[in-house]
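Data file: my_file-v6.txt. Format and content: compact mmCIF, C-alpha atoms.
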# COMPACT_ATOMS: atom_id res chain seq x y z
CA MET A 1 0.00 0.00 0.00
CA THR A 2 1.44 3.39 -0.93
CA THR A 3 1.20 5.95 1.78
CA GLU A 4 0.15 9.36 0.62
CA THR A 5 0.08 12.29 2.98
CA HIS A 6 -2.72 14.79 2.44
CA GLU A 7 -2.62 18.32 3.81
CA THR A 8 -5.67 20.36 4.71
CA ASP A 9 -6.99 22.82 7.27
CA ALA A 10 -9.37 20.63 9.23
CA ILE A 11 -9.88 16.88 9.52
CA ILE A 12 -13.43 15.95 10.41
CA ILE A 13 -13.85 12.51 11.94
CA GLY A 14 -17.35 11.39 11.02
CA ALA A 15 -19.39 12.29 7.92
CA GLY A 16 -22.78 12.40 9.61
CA PRO A 17 -24.99 15.50 9.49
CA CYS A 18 -22.84 17.48 11.95
CA GLY A 19 -19.60 16.59 10.21
CA LEU A 20 -21.12 17.57 6.87
CA PHE A 21 -22.42 20.88 8.17
CA ALA A 22 -19.00 21.57 9.70
CA VAL A 23 -17.66 21.44 6.13
CA PHE A 24 -20.09 24.24 5.33
CA GLU A 25 -19.27 26.46 8.29
CA LEU A 26 -15.52 25.95 7.95
CA GLY A 27 -15.83 26.43 4.21
CA LEU A 28 -17.48 29.83 4.60
CA LEU A 29 -14.39 30.89 6.52
CA GLY A 30 -12.19 29.66 3.68
CA LEU A 31 -11.02 26.50 5.44
CA LYS A 32 -10.52 23.23 3.55
CA THR A 33 -11.64 19.91 4.97
CA HIS A 34 -11.04 16.18 4.77
CA LEU A 35 -13.54 13.76 6.29
CA VAL A 36 -12.85 10.24 7.55
CA ASP A 37 -15.72 7.79 8.04
CA ILE A 38 -15.91 4.05 8.64
CA LEU A 39 -19.07 3.75 6.51
CA ASP A 40 -18.96 3.59 2.72
CA ARG A 41 -21.03 6.75 2.30
CA SER A 42 -21.93 9.98 4.07
CA GLY A 43 -24.83 10.46 6.47
CA GLY A 44 -23.73 8.60 9.59
CA GLN A 45 -26.67 7.36 11.64
CA CYS A 46 -29.09 9.09 9.25
CA ALA A 47 -27.83 6.88 6.42
CA GLU A 48 -27.10 3.72 8.36
CA LEU A 49 -29.91 3.51 10.90
CA TYR A 50 -32.85 5.45 9.57
CA PRO A 51 -32.48 6.48 5.91
CA GLU A 52 -36.23 6.00 5.36
CA LYS A 53 -37.45 7.35 8.70
CA PRO A 54 -38.91 10.85 8.91
CA ILE A 55 -37.22 13.71 10.78
CA TYR A 56 -39.50 16.60 11.78
CA ASP A 57 -37.25 18.87 13.84
CA ILE A 58 -34.83 20.36 11.33
CA PRO A 59 -35.56 24.10 11.29
CA ALA A 60 -37.50 25.18 8.19
CA ILE A 61 -37.79 21.61 6.88
CA PRO A 62 -41.16 20.31 8.08
CA MET A 63 -40.24 16.74 7.16
CA CYS A 64 -37.39 14.94 5.51
CA THR A 65 -35.98 11.43 5.79
CA GLY A 66 -32.51 10.63 7.09
CA GLN A 67 -31.35 10.07 3.53
CA GLU A 68 -32.93 13.30 2.25
CA LEU A 69 -31.22 15.29 5.00
CA THR A 70 -27.91 13.73 4.01
CA ASP A 71 -28.50 14.43 0.32
CA ARG A 72 -29.38 18.07 1.01
CA LEU A 73 -26.30 18.57 3.17
CA MET A 74 -24.12 17.02 0.47
CA GLU A 75 -25.61 19.45 -2.04
CA GLN A 76 -25.10 22.37 0.36
CA ILE A 77 -21.38 21.63 0.85
CA LYS A 78 -20.57 20.70 -2.74
CA ALA A 79 -18.93 24.04 -3.54
CA PHE A 80 -16.41 23.55 -0.75
CA ASP A 81 -15.08 20.39 -2.38
CA PRO A 82 -14.48 18.32 0.76
CA VAL A 83 -12.36 15.19 0.43
CA PHE A 84 -13.96 12.02 1.81
CA HIS A 85 -12.05 9.01 3.08
CA PHE A 86 -14.76 6.37 3.38
CA GLN A 87 -14.41 2.93 4.92
CA GLU A 88 -11.50 4.16 6.96
CA MET A 89 -11.23 4.45 10.70
CA ALA A 90 -9.32 7.30 12.32
CA GLU A 91 -6.72 5.42 14.28
CA GLY A 92 -3.68 7.41 15.35
CA LEU A 93 -3.12 11.07 16.11
CA THR A 94 0.29 12.67 16.42
CA LYS A 95 1.27 16.27 17.10
CA LEU A 96 3.89 17.45 14.61
CA ASP A 97 6.76 19.82 15.40
CA ASP A 98 5.06 22.62 13.45
CA GLY A 99 2.02 22.38 15.72
CA ARG A 100 -0.22 20.62 13.24
CA TRP A 101 -1.82 17.19 13.69
CA GLU A 102 -1.14 14.09 11.67
CA LEU A 103 -4.02 11.66 11.60
CA THR A 104 -3.47 8.09 10.45
CA THR A 105 -6.31 5.78 9.42
CA ASP A 106 -6.51 2.00 9.59
CA GLN A 107 -5.91 2.03 5.82
CA ASP A 108 -2.63 3.91 6.38
CA THR A 109 -3.91 7.17 4.94
CA LYS A 110 -2.12 10.10 6.52
CA ILE A 111 -3.68 13.55 6.74
CA VAL A 112 -2.03 16.62 8.21
CA ALA A 113 -4.16 19.52 9.43
CA HIS A 114 -4.27 22.43 11.84
CA VAL A 115 -7.37 21.25 13.64
CA ILE A 116 -9.22 18.02 14.34
CA VAL A 117 -13.01 18.05 14.52
CA ILE A 118 -14.49 14.95 16.12
CA ALA A 119 -18.05 14.57 14.85
CA ALA A 120 -18.22 10.84 15.42
CA GLY A 121 -21.72 10.57 16.88
CA GLY A 122 -21.95 7.38 18.90
CA GLY A 123 -18.58 6.24 17.63
CA SER A 124 -17.59 4.00 14.75
CA PHE A 125 -20.12 1.63 13.29
CA VAL A 126 -18.68 -1.85 13.74
CA PRO A 127 -20.25 -5.27 13.16
CA LYS A 128 -22.26 -6.74 16.00
CA LYS A 129 -20.58 -9.89 17.19
CA PRO A 130 -22.41 -12.92 18.56
CA HIS A 131 -21.54 -13.71 22.16
CA LEU A 132 -19.88 -17.08 21.65
CA ASP A 133 -16.94 -18.46 23.58
CA GLY A 134 -13.78 -18.67 21.50
CA LEU A 135 -15.27 -16.74 18.58
CA ALA A 136 -12.42 -14.23 18.61
CA ASP A 137 -9.89 -17.05 18.06
CA TYR A 138 -11.29 -17.64 14.59
CA GLU A 139 -11.96 -14.07 13.45
CA ASP A 140 -10.34 -13.31 10.08
CA THR A 141 -9.46 -17.00 9.57
CA SER A 142 -12.86 -18.71 9.77
CA VAL A 143 -15.21 -16.03 11.11
CA PHE A 144 -15.91 -13.00 8.95
CA TYR A 145 -18.24 -10.02 9.34
CA ALA A 146 -17.92 -8.95 5.72
CA VAL A 147 -17.11 -10.59 2.40
CA ARG A 148 -14.24 -8.94 0.57
CA LYS A 149 -13.63 -11.61 -2.08
CA ILE A 150 -16.20 -14.20 -3.07
CA ASP A 151 -13.39 -16.42 -4.40
CA ALA A 152 -12.01 -16.79 -0.89
CA PHE A 153 -15.08 -18.89 -0.07
CA ALA A 154 -14.89 -21.22 -3.09
CA GLY A 155 -15.36 -24.85 -2.09
CA LYS A 156 -15.98 -23.94 1.57
CA ARG A 157 -18.75 -25.08 3.85
CA ILE A 158 -20.27 -21.83 5.07
CA VAL A 159 -22.68 -21.03 7.87
CA ILE A 160 -24.40 -17.67 7.52
CA ALA A 161 -26.30 -16.32 10.52
CA GLY A 162 -28.92 -13.54 10.46
CA GLY A 163 -32.12 -12.54 8.72
CA GLY A 164 -31.41 -9.17 7.16
CA ASP A 165 -30.40 -8.24 3.64
CA SER A 166 -26.69 -8.88 4.25
CA ALA A 167 -27.36 -12.42 5.44
CA LEU A 168 -29.70 -13.23 2.55
CA ASP A 169 -27.64 -11.49 -0.13
CA TRP A 170 -24.46 -13.27 0.86
CA ALA A 171 -26.20 -16.61 1.21
CA LEU A 172 -27.41 -16.19 -2.38
CA ASN A 173 -24.12 -14.82 -3.72
CA LEU A 174 -21.89 -17.41 -2.08
CA GLN A 175 -24.09 -20.43 -2.80
CA PRO A 176 -22.83 -20.92 -6.38
CA VAL A 177 -19.16 -21.09 -5.33
CA ALA A 178 -19.42 -22.68 -1.88
CA ALA A 179 -19.41 -26.40 -1.18
CA LYS A 180 -22.39 -25.82 1.08
CA VAL A 181 -24.27 -22.86 2.51
CA THR A 182 -26.34 -23.17 5.68
CA LEU A 183 -28.44 -20.19 6.67
CA VAL A 184 -29.24 -19.98 10.39
CA HIS A 185 -31.96 -17.62 11.58
CA HIS A 186 -34.10 -17.56 14.71
CA ARG A 187 -37.42 -17.54 12.83
CA ASP A 188 -38.94 -18.42 9.48
CA GLY A 189 -39.42 -14.77 8.69
CA PHE A 190 -36.95 -12.20 7.44
CA ARG A 191 -36.52 -8.46 7.37
CA ALA A 192 -34.65 -8.91 4.09
CA ALA A 193 -36.13 -8.07 0.68
CA PRO A 194 -38.94 -10.56 -0.19
CA ALA A 195 -37.33 -11.42 -3.54
CA SER A 196 -34.16 -12.56 -1.77
CA VAL A 197 -36.19 -14.61 0.69
CA ASP A 198 -38.06 -16.27 -2.18
CA ALA A 199 -34.79 -17.04 -3.97
CA MET A 200 -33.39 -18.55 -0.77
CA HIS A 201 -36.45 -20.76 -0.25
CA ALA A 202 -36.24 -21.93 -3.87
CA LEU A 203 -32.63 -23.02 -3.36
CA VAL A 204 -33.53 -24.78 -0.13
CA ASP A 205 -36.42 -26.60 -1.85
CA ALA A 206 -34.03 -27.65 -4.62
CA GLY A 207 -31.63 -29.05 -2.03
CA LYS A 208 -28.95 -26.52 -2.88
CA MET A 209 -28.95 -24.68 0.43
CA ASP A 210 -29.79 -25.53 4.03
CA PHE A 211 -31.94 -23.33 6.24
CA LYS A 212 -32.10 -23.91 9.99
CA ILE A 213 -34.49 -22.12 12.32
CA ALA A 214 -32.07 -21.86 15.20
CA GLN A 215 -29.57 -19.62 16.92
CA LEU A 216 -25.83 -19.83 17.12
CA GLY A 217 -24.69 -21.85 20.10
CA GLY A 218 -20.93 -21.98 19.73
CA VAL A 219 -17.92 -22.49 17.53
CA ILE A 220 -15.75 -25.58 17.73
CA GLY A 221 -12.19 -25.87 16.50
CA ASP A 222 -8.62 -26.43 17.52
CA GLY A 223 -7.96 -22.83 18.47
CA THR A 224 -6.65 -21.74 15.07
CA LYS A 225 -9.01 -23.42 12.62
CA MET A 226 -12.77 -23.66 13.11
CA LYS A 227 -14.25 -27.11 12.47
CA SER A 228 -17.93 -26.71 13.15
CA VAL A 229 -20.67 -24.40 14.33
CA HIS A 230 -23.06 -25.39 17.07
CA ILE A 231 -26.66 -24.27 16.75
CA LYS A 232 -29.56 -24.52 19.13
CA SER A 233 -33.13 -24.87 17.99
CA LYS A 234 -36.30 -24.60 20.05
CA THR A 235 -37.75 -27.69 18.40
CA ASP A 236 -34.71 -29.84 17.60
CA GLY A 237 -32.36 -28.89 20.41
CA LYS A 238 -28.64 -28.61 19.80
CA SER A 239 -26.86 -29.75 16.69
CA GLU A 240 -23.51 -29.35 15.00
CA ILE A 241 -22.83 -28.17 11.46
CA PRO A 242 -19.38 -28.98 10.07
CA ALA A 243 -18.14 -25.69 8.62
CA ASP A 244 -15.06 -23.92 7.35
CA ALA A 245 -16.46 -20.42 7.68
CA LEU A 246 -19.00 -18.57 9.79
CA LEU A 247 -20.47 -15.28 8.60
CA PRO A 248 -22.60 -13.57 11.28
CA PHE A 249 -24.69 -10.69 9.92
CA PHE A 250 -26.45 -8.91 12.78
CA GLY A 251 -26.01 -5.35 11.63
CA LEU A 252 -23.78 -2.71 13.13
CA THR A 253 -23.34 -1.17 16.53
CA MET A 254 -21.39 1.88 17.62
CA LYS A 255 -18.12 1.78 19.52
CA LEU A 256 -15.95 4.76 20.42
CA GLY A 257 -12.91 2.96 19.02
CA PRO A 258 -9.41 4.44 18.74
CA ILE A 259 -10.63 7.96 19.57
CA ALA A 260 -10.54 6.74 23.17
CA ASN A 261 -6.74 6.61 22.83
CA PHE A 262 -6.28 10.20 21.62
CA GLY A 263 -5.57 11.33 25.18
CA LEU A 264 -8.76 13.38 25.49
CA ASN A 265 -10.67 13.66 28.73
CA LEU A 266 -13.70 11.43 28.45
CA ASN A 267 -16.92 11.21 30.39
CA GLU A 268 -18.58 7.83 29.83
CA ASN A 269 -17.58 7.64 26.17
CA LEU A 270 -18.54 11.27 25.58
CA ILE A 271 -16.07 14.09 25.09
CA PRO A 272 -16.49 17.09 27.41
CA VAL A 273 -16.19 20.45 25.61
CA ASP A 274 -16.65 24.10 26.45
CA THR A 275 -19.64 25.86 24.95
CA GLU A 276 -17.77 28.78 23.43
CA LYS A 277 -15.49 26.87 21.08
CA PHE A 278 -16.59 23.26 21.53
CA GLU A 279 -12.94 22.48 22.14
CA THR A 280 -11.87 19.33 23.99
CA SER A 281 -9.30 19.04 26.77
CA ILE A 282 -6.63 19.25 24.06
CA PRO A 283 -6.32 22.59 22.25
CA SER A 284 -7.17 22.52 18.52
CA ILE A 285 -9.13 19.28 18.87
CA PHE A 286 -12.84 20.05 18.77
CA ALA A 287 -15.86 17.81 19.28
CA ILE A 288 -19.37 18.47 17.95
CA GLY A 289 -22.65 16.61 17.73
CA ASP A 290 -23.73 13.53 19.69
CA ILE A 291 -20.21 12.67 20.80
CA ASN A 292 -19.69 15.73 22.98
CA THR A 293 -21.13 16.64 26.34
CA TYR A 294 -21.58 19.89 28.28
CA PRO A 295 -24.12 21.17 30.78
CA GLY A 296 -27.51 21.25 29.08
CA LYS A 297 -26.44 19.16 26.08
CA LEU A 298 -29.26 17.90 23.89
CA LYS A 299 -28.49 15.20 21.35
CA LEU A 300 -30.27 16.88 18.47
CA ILE A 301 -29.04 17.41 14.94
CA LEU A 302 -29.86 21.10 15.23
CA SER A 303 -27.63 21.40 18.31
CA GLY A 304 -24.80 19.86 16.31
CA PHE A 305 -25.31 22.43 13.55
CA HIS A 306 -25.01 25.27 16.07
CA GLU A 307 -21.92 23.67 17.57
CA ALA A 308 -20.37 23.40 14.10
CA ALA A 309 -20.82 27.14 13.54
CA LEU A 310 -19.20 28.17 16.82
CA MET A 311 -16.42 25.60 16.51
CA SER A 312 -15.57 26.97 13.06
CA GLN A 313 -14.96 30.46 14.43
CA ALA A 314 -12.44 29.05 16.91
CA ALA A 315 -10.91 26.73 14.31
CA PHE A 316 -10.28 29.71 12.00
CA LEU A 317 -8.12 31.41 14.60
CA VAL A 318 -6.02 28.25 14.89
CA CYS A 319 -5.72 27.76 11.14
CA ARG A 320 -5.10 31.41 10.24
CA PRO A 321 -3.23 32.97 13.15
CA GLY A 322 -2.87 36.70 12.80
CA GLU A 323 -5.73 37.01 10.34
CA ARG A 324 -8.87 38.90 11.27
CA LEU A 325 -12.03 36.87 11.45
CA ARG A 326 -14.64 38.69 9.43
CA PHE A 327 -18.23 37.98 10.40
CA GLN A 328 -20.46 38.00 7.36
CA TYR A 329 -23.90 36.89 6.24
CA THR A 330 -24.45 34.67 3.21
CA THR A 331 -27.37 36.87 2.22
CA SER A 332 -25.28 39.98 1.74
CA SER A 333 -21.63 39.00 1.40
CA SER A 334 -20.32 38.75 -2.12
CA ASP A 335 -17.23 37.08 -0.70
CA LEU A 336 -19.31 34.28 0.85
CA GLN A 337 -21.43 34.00 -2.25
CA LYS A 338 -18.28 33.49 -4.33
CA LYS A 339 -17.19 30.74 -1.99
CA LEU A 340 -20.62 29.16 -2.34
CA GLY A 341 -20.28 29.33 -6.12
CA VAL A 342 -23.49 31.30 -6.57
CA ARG A 343 -21.90 34.50 -7.76
CA MET B 344 -45.46 3.01 38.85
CA LYS B 345 -42.26 1.01 39.06
CA VAL B 346 -40.28 -1.16 36.69
CA HIS B 347 -37.57 -3.61 37.69
CA VAL B 348 -34.56 -3.82 35.43
CA THR B 349 -31.88 -6.46 35.79
CA ASP B 350 -28.46 -5.72 34.32
CA LEU B 351 -25.90 -8.13 32.86
CA GLU B 352 -24.39 -8.77 36.29
CA GLY B 353 -27.76 -9.84 37.62
CA LYS B 354 -28.33 -6.75 39.72
CA THR B 355 -31.91 -5.52 39.75
CA LYS B 356 -32.79 -1.87 40.04
CA GLU B 357 -36.23 -0.52 40.76
CA ILE B 358 -36.90 2.48 38.54
CA GLU B 359 -39.74 4.97 38.81
CA GLY B 360 -41.70 4.72 35.58
CA THR B 361 -43.93 7.27 33.92
CA ILE B 362 -47.11 6.22 32.19
CA GLY B 363 -46.98 7.12 28.51
CA TRP B 364 -43.19 6.94 28.33
CA THR B 365 -41.46 4.05 26.66
CA LEU B 366 -39.64 1.48 28.73
CA MET B 367 -36.38 2.48 26.98
CA GLU B 368 -36.83 6.10 28.08
CA VAL B 369 -37.38 5.26 31.74
CA ILE B 370 -34.44 2.83 31.77
CA ARG B 371 -32.19 5.47 30.20
CA ASP B 372 -33.37 8.21 32.54
CA GLY B 373 -33.32 5.82 35.48
CA GLY B 374 -29.56 5.60 35.37
CA VAL B 375 -29.21 2.11 33.90
CA ALA B 376 -26.84 2.01 30.93
CA ILE B 377 -28.73 1.03 27.76
CA LYS B 378 -27.33 1.75 24.31
CA ALA B 379 -30.57 2.56 22.49
CA GLU B 380 -28.48 3.86 19.61
CA CYS B 381 -31.23 5.07 17.31
CA GLY B 382 -32.95 6.94 20.12
CA GLY B 383 -36.23 5.06 19.98
CA ALA B 384 -36.97 4.95 16.25
CA CYS B 385 -37.21 1.15 16.07
CA ALA B 386 -34.23 1.38 13.74
CA CYS B 387 -31.65 -0.67 15.61
CA ALA B 388 -31.85 -3.46 18.15
CA THR B 389 -29.72 -2.00 20.91
CA CYS B 390 -32.50 -1.58 23.48
CA HIS B 391 -33.08 -5.34 23.44
CA VAL B 392 -34.57 -6.62 26.71
CA TYR B 393 -36.06 -9.90 27.90
CA VAL B 394 -39.48 -9.49 29.45
CA SER B 395 -39.89 -11.96 32.31
CA ASP B 396 -42.34 -14.80 31.65
CA GLU B 397 -45.06 -13.52 33.97
CA TRP B 398 -45.16 -10.16 32.19
CA MET B 399 -45.19 -11.36 28.60
CA GLU B 400 -48.96 -11.35 28.29
CA GLN B 401 -49.35 -7.80 29.60
CA THR B 402 -46.59 -6.39 27.37
CA GLY B 403 -48.28 -7.90 24.33
CA GLU B 404 -47.00 -8.94 20.93
CA ARG B 405 -44.08 -7.49 19.05
CA THR B 406 -45.13 -5.19 16.23
CA GLU B 407 -44.20 -6.23 12.71
CA GLU B 408 -41.57 -3.49 12.50
CA GLU B 409 -40.14 -4.58 15.83
CA GLU B 410 -40.09 -8.22 14.73
CA ASP B 411 -38.01 -7.19 11.73
CA MET B 412 -35.54 -5.24 13.87
CA ILE B 413 -35.23 -8.16 16.27
CA ASP B 414 -33.71 -10.05 13.32
CA LEU B 415 -30.61 -7.98 14.14
CA ALA B 416 -30.69 -8.87 17.83
CA LEU B 417 -28.46 -11.52 19.34
CA ASP B 418 -29.67 -14.36 21.56
CA VAL B 419 -33.34 -13.87 20.75
CA GLN B 420 -35.71 -15.49 23.24
CA ASP B 421 -39.51 -15.66 23.54
CA GLY B 422 -39.47 -12.64 25.83
CA SER B 423 -37.26 -10.57 23.54
CA ARG B 424 -38.59 -7.06 23.00
CA LEU B 425 -37.22 -3.69 22.02
CA ALA B 426 -37.70 -1.48 25.06
CA CYS B 427 -38.47 1.52 22.85
CA GLN B 428 -41.57 -0.26 21.60
CA ILE B 429 -43.12 -0.91 25.02
CA GLU B 430 -45.22 2.02 26.16
CA LEU B 431 -45.76 2.04 29.90
CA THR B 432 -49.33 1.81 31.18
CA GLU B 433 -50.89 1.38 34.61
CA ALA B 434 -51.16 -2.34 33.87
CA LEU B 435 -47.38 -2.61 33.59
CA ASP B 436 -46.75 -1.39 37.15
CA GLY B 437 -44.14 -3.79 38.56
CA LEU B 438 -42.89 -4.90 35.13
CA LYS B 439 -39.76 -7.03 35.25
CA VAL B 440 -37.23 -7.08 32.42
CA SER B 441 -33.58 -7.92 32.05
CA LEU B 442 -31.18 -6.29 29.63
CA ALA B 443 -29.86 -8.34 26.72
CA ARG B 444 -26.12 -8.20 26.11
CA ASP B 445 -26.53 -6.31 22.86
CA ALA B 446 -28.32 -3.51 24.72
CA VAL B 447 -25.22 -2.86 26.76
CA LEU B 448 -22.03 -4.09 25.08
As structure tokens, what does this structure read like?
Amino acid sequence: MTTETHETDAIIIGAGPCGLFAVFELGLLGLKTHLVDILDRSGGQCAELYPEKPIYDIPAIPMCTGQELTDRLMEQIKAFDPVFHFQEMAEGLTKLDDGRWELTTDQDTKIVAHVIVIAAGGGSFVPKKPHLDGLADYEDTSVFYAVRKIDAFAGKRIVIAGGGDSALDWALNLQPVAAKVTLVHHRDGFRAAPASVDAMHALVDAGKMDFKIAQLGGVIGDGTKMKSVHIKSKTDGKSEIPADALLPFFGLTMKLGPIANFGLNLNENLIPVDTEKFETSIPSIFAIGDINTYPGKLKLILSGFHEAALMSQAAFLVCRPGERLRFQYTTSSSDLQKKLGVR
Amino acid sequence: MKVHVTDLEGKTKEIEGTIGWTLMEVIRDGGVAIKAECGGACACATCHVYVSDEWMEQTGERTEEEEDMIDLALDVQDGSRLACQIELTEALDGLKVSLARDAVL
């Protein structure tokens, strides 16, 4: 992997609504931004958890869905040309001799900037892991939470657990190459797309796939290689499925992740900030949105927008020392309108 | 009204409930750690609780939307519910639930 070092004014960790609006507020002040997000697209919780659900409390927008809010924010910040680093987790943070920060991601991307803006919501979205003894011993060798290469599963006996679209899609996609696919789900009902469920049932009826109404009970192996998966069923009790690979698909959950090691003061996985600059315990590292805490904090998107605006004022003074911060309105400022690309 | 919430260590806490609130809201405000990541939108499964056997009839059936979300829950049992989908009523005074692991970890 070639390591490229990017340089910018502000690195925003998290491309949810607050991170996206921070691009806007920083952009109005002439500051460039890079965003790092573990998901493969922008929107954060709005995109991952409730893209179709309605939101009624965005000022001046009586109703929009999580996805619509994301789309509108993306349109609003387009002129500022932010750089997105998707499917990357912010991992390491180092202070450079010139006072700037160097952020490293788990994909070895390096970004240097004057300020860090943590807009990470509830933390990084990571796969939910079944609570099975010894599971961790087989992760990345026999247990996988994502499929990177279908070929890697050719000729393997695979157990797929879950009832959502990921479980069904991968059961269908891996079936042609695998020696055997067994789908394990706690009920004969699925939240996945009906067409996928129908296709799965057709394969099961044709004897080309197994479906067990059961839950995962355990993994058996020699400590390095998994040999079988135990399942437990309400009707049939416990049984064992010989398997080379286990793919649990139970969606994502949020974990604070490596941010916890940045050296910031934390309060129960939240980052305390002041309410003038929304700065953390470390100067030039800011935190906005659901991840911060202060007296009176409300976890609302609109609060995060406000925090982004105030944070940007403080970030400007760090990025452009000695320059005067000019307060202007988008309605009247030709300078701002030029930045927005509307003039 | 009261609800009794048992955590992963087996400790039970009596929490003052409010009629009309959801069980998730009173657990969260009652000082028991519950993830409830989506904030009560029935869009995740991180307020997963097990309703004790004797309360399953009073808490009623899972909604269809809830049933779908429970597909993302771990260790699903008969009493599995999403706490954000249980609205507290007078009839639920004394309700006993225990937190599922995926509501905490």
Near-Gly123 of chain A list (10 Å; all atoms listed in the file; drop same-chain fewer than 5 positions) as a compact mmCIF listing (two decimals) with C-alpha atoms, in the coordinates of the input:
# COMPACT_ATOMS: atom_id res chain seq x y z
CA ILE A 13 -13.85 12.51 11.94
CA GLY A 14 -17.35 11.39 11.02
CA ILE A 38 -15.91 4.05 8.64
CA GLY A 44 -23.73 8.60 9.59
CA ILE A 118 -14.49 14.95 16.12
CA THR A 253 -23.34 -1.17 16.53
CA MET A 254 -21.39 1.88 17.62
CA LYS A 255 -18.12 1.78 19.52
CA LEU A 256 -15.95 4.76 20.42
CA GLY A 257 -12.91 2.96 19.02
CA PRO A 258 -9.41 4.44 18.74
CA ILE A 259 -10.63 7.96 19.57
CA ALA A 260 -10.54 6.74 23.17
CA ASN A 269 -17.58 7.64 26.17
CA LEU A 270 -18.54 11.27 25.58
CA ASP A 290 -23.73 13.53 19.69
CA ILE A 291 -20.21 12.67 20.80
Nearest-residue call for chain B, choices A:Leu264, A:Leu132, A:Ala152, A:Ala206, using all atoms listed in the file: A:Leu132
All residues 9 Å or closer to Cys385 of chain B, all atoms listed in the file, same chain fewer than 3 positions away omitted, as a list in words: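 Using all atoms listed in the file, the neighbours found are Tyr50 of chain A; Cys381, Gly382, Ala388, Glu408, Glu409, Met412, Leu425, Cys427 and Gln428 of chain B.
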Write out, as a PDB file, in the frame of the given file, the residues just selected, with C-alpha atoms.
ATOM      1  CA  TYR A  50     -32.850   5.450   9.570  1.00  0.00           C
TER       2      TYR A  50
ATOM      3  CA  CYS B 381     -31.230   5.070  17.310  1.00  0.00           C
ATOM      4  CA  GLY B 382     -32.950   6.940  20.120  1.00  0.00           C
ATOM      5  CA  ALA B 388     -31.850  -3.460  18.150  1.00  0.00           C
ATOM      6  CA  GLU B 408     -41.570  -3.490  12.500  1.00  0.00           C
ATOM      7  CA  GLU B 409     -40.140  -4.580  15.830  1.00  0.00           C
ATOM      8  CA  MET B 412     -35.540  -5.240  13.870  1.00  0.00           C
ATOM      9  CA  LEU B 425     -37.220  -3.690  22.020  1.00  0.00           C
ATOM     10  CA  CYS B 427     -38.470   1.520  22.850  1.00  0.00           C
ATOM     11  CA  GLN B 428     -41.570  -0.260  21.600  1.00  0.00           C
TER      12      GLN B 428
END
Chain B contacts to chain A at 12 Å (all atoms listed in the file) as a ChimeraX atom specification: /B:376,378-390,407-421,423,443-448
Quick one: residues within 9 Å of (-47.7, 6.2, 27.6) (file frame), counting all atoms listed in the file, please, as a CSV table (one decimal) with C-alpha atoms, in the frame of the given file.
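Generated file (point-v8.csv):
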chain,number,residue,atom,x,y,z
B,361,THR,CA,-43.9,7.3,33.9
B,362,ILE,CA,-47.1,6.2,32.2
B,363,GLY,CA,-47.0,7.1,28.5
B,364,TRP,CA,-43.2,6.9,28.3
B,365,THR,CA,-41.5,4.0,26.7
B,429,ILE,CA,-43.1,-0.9,25.0
B,430,GLU,CA,-45.2,2.0,26.2
B,431,LEU,CA,-45.8,2.0,29.9
B,432,THR,CA,-49.3,1.8,31.2
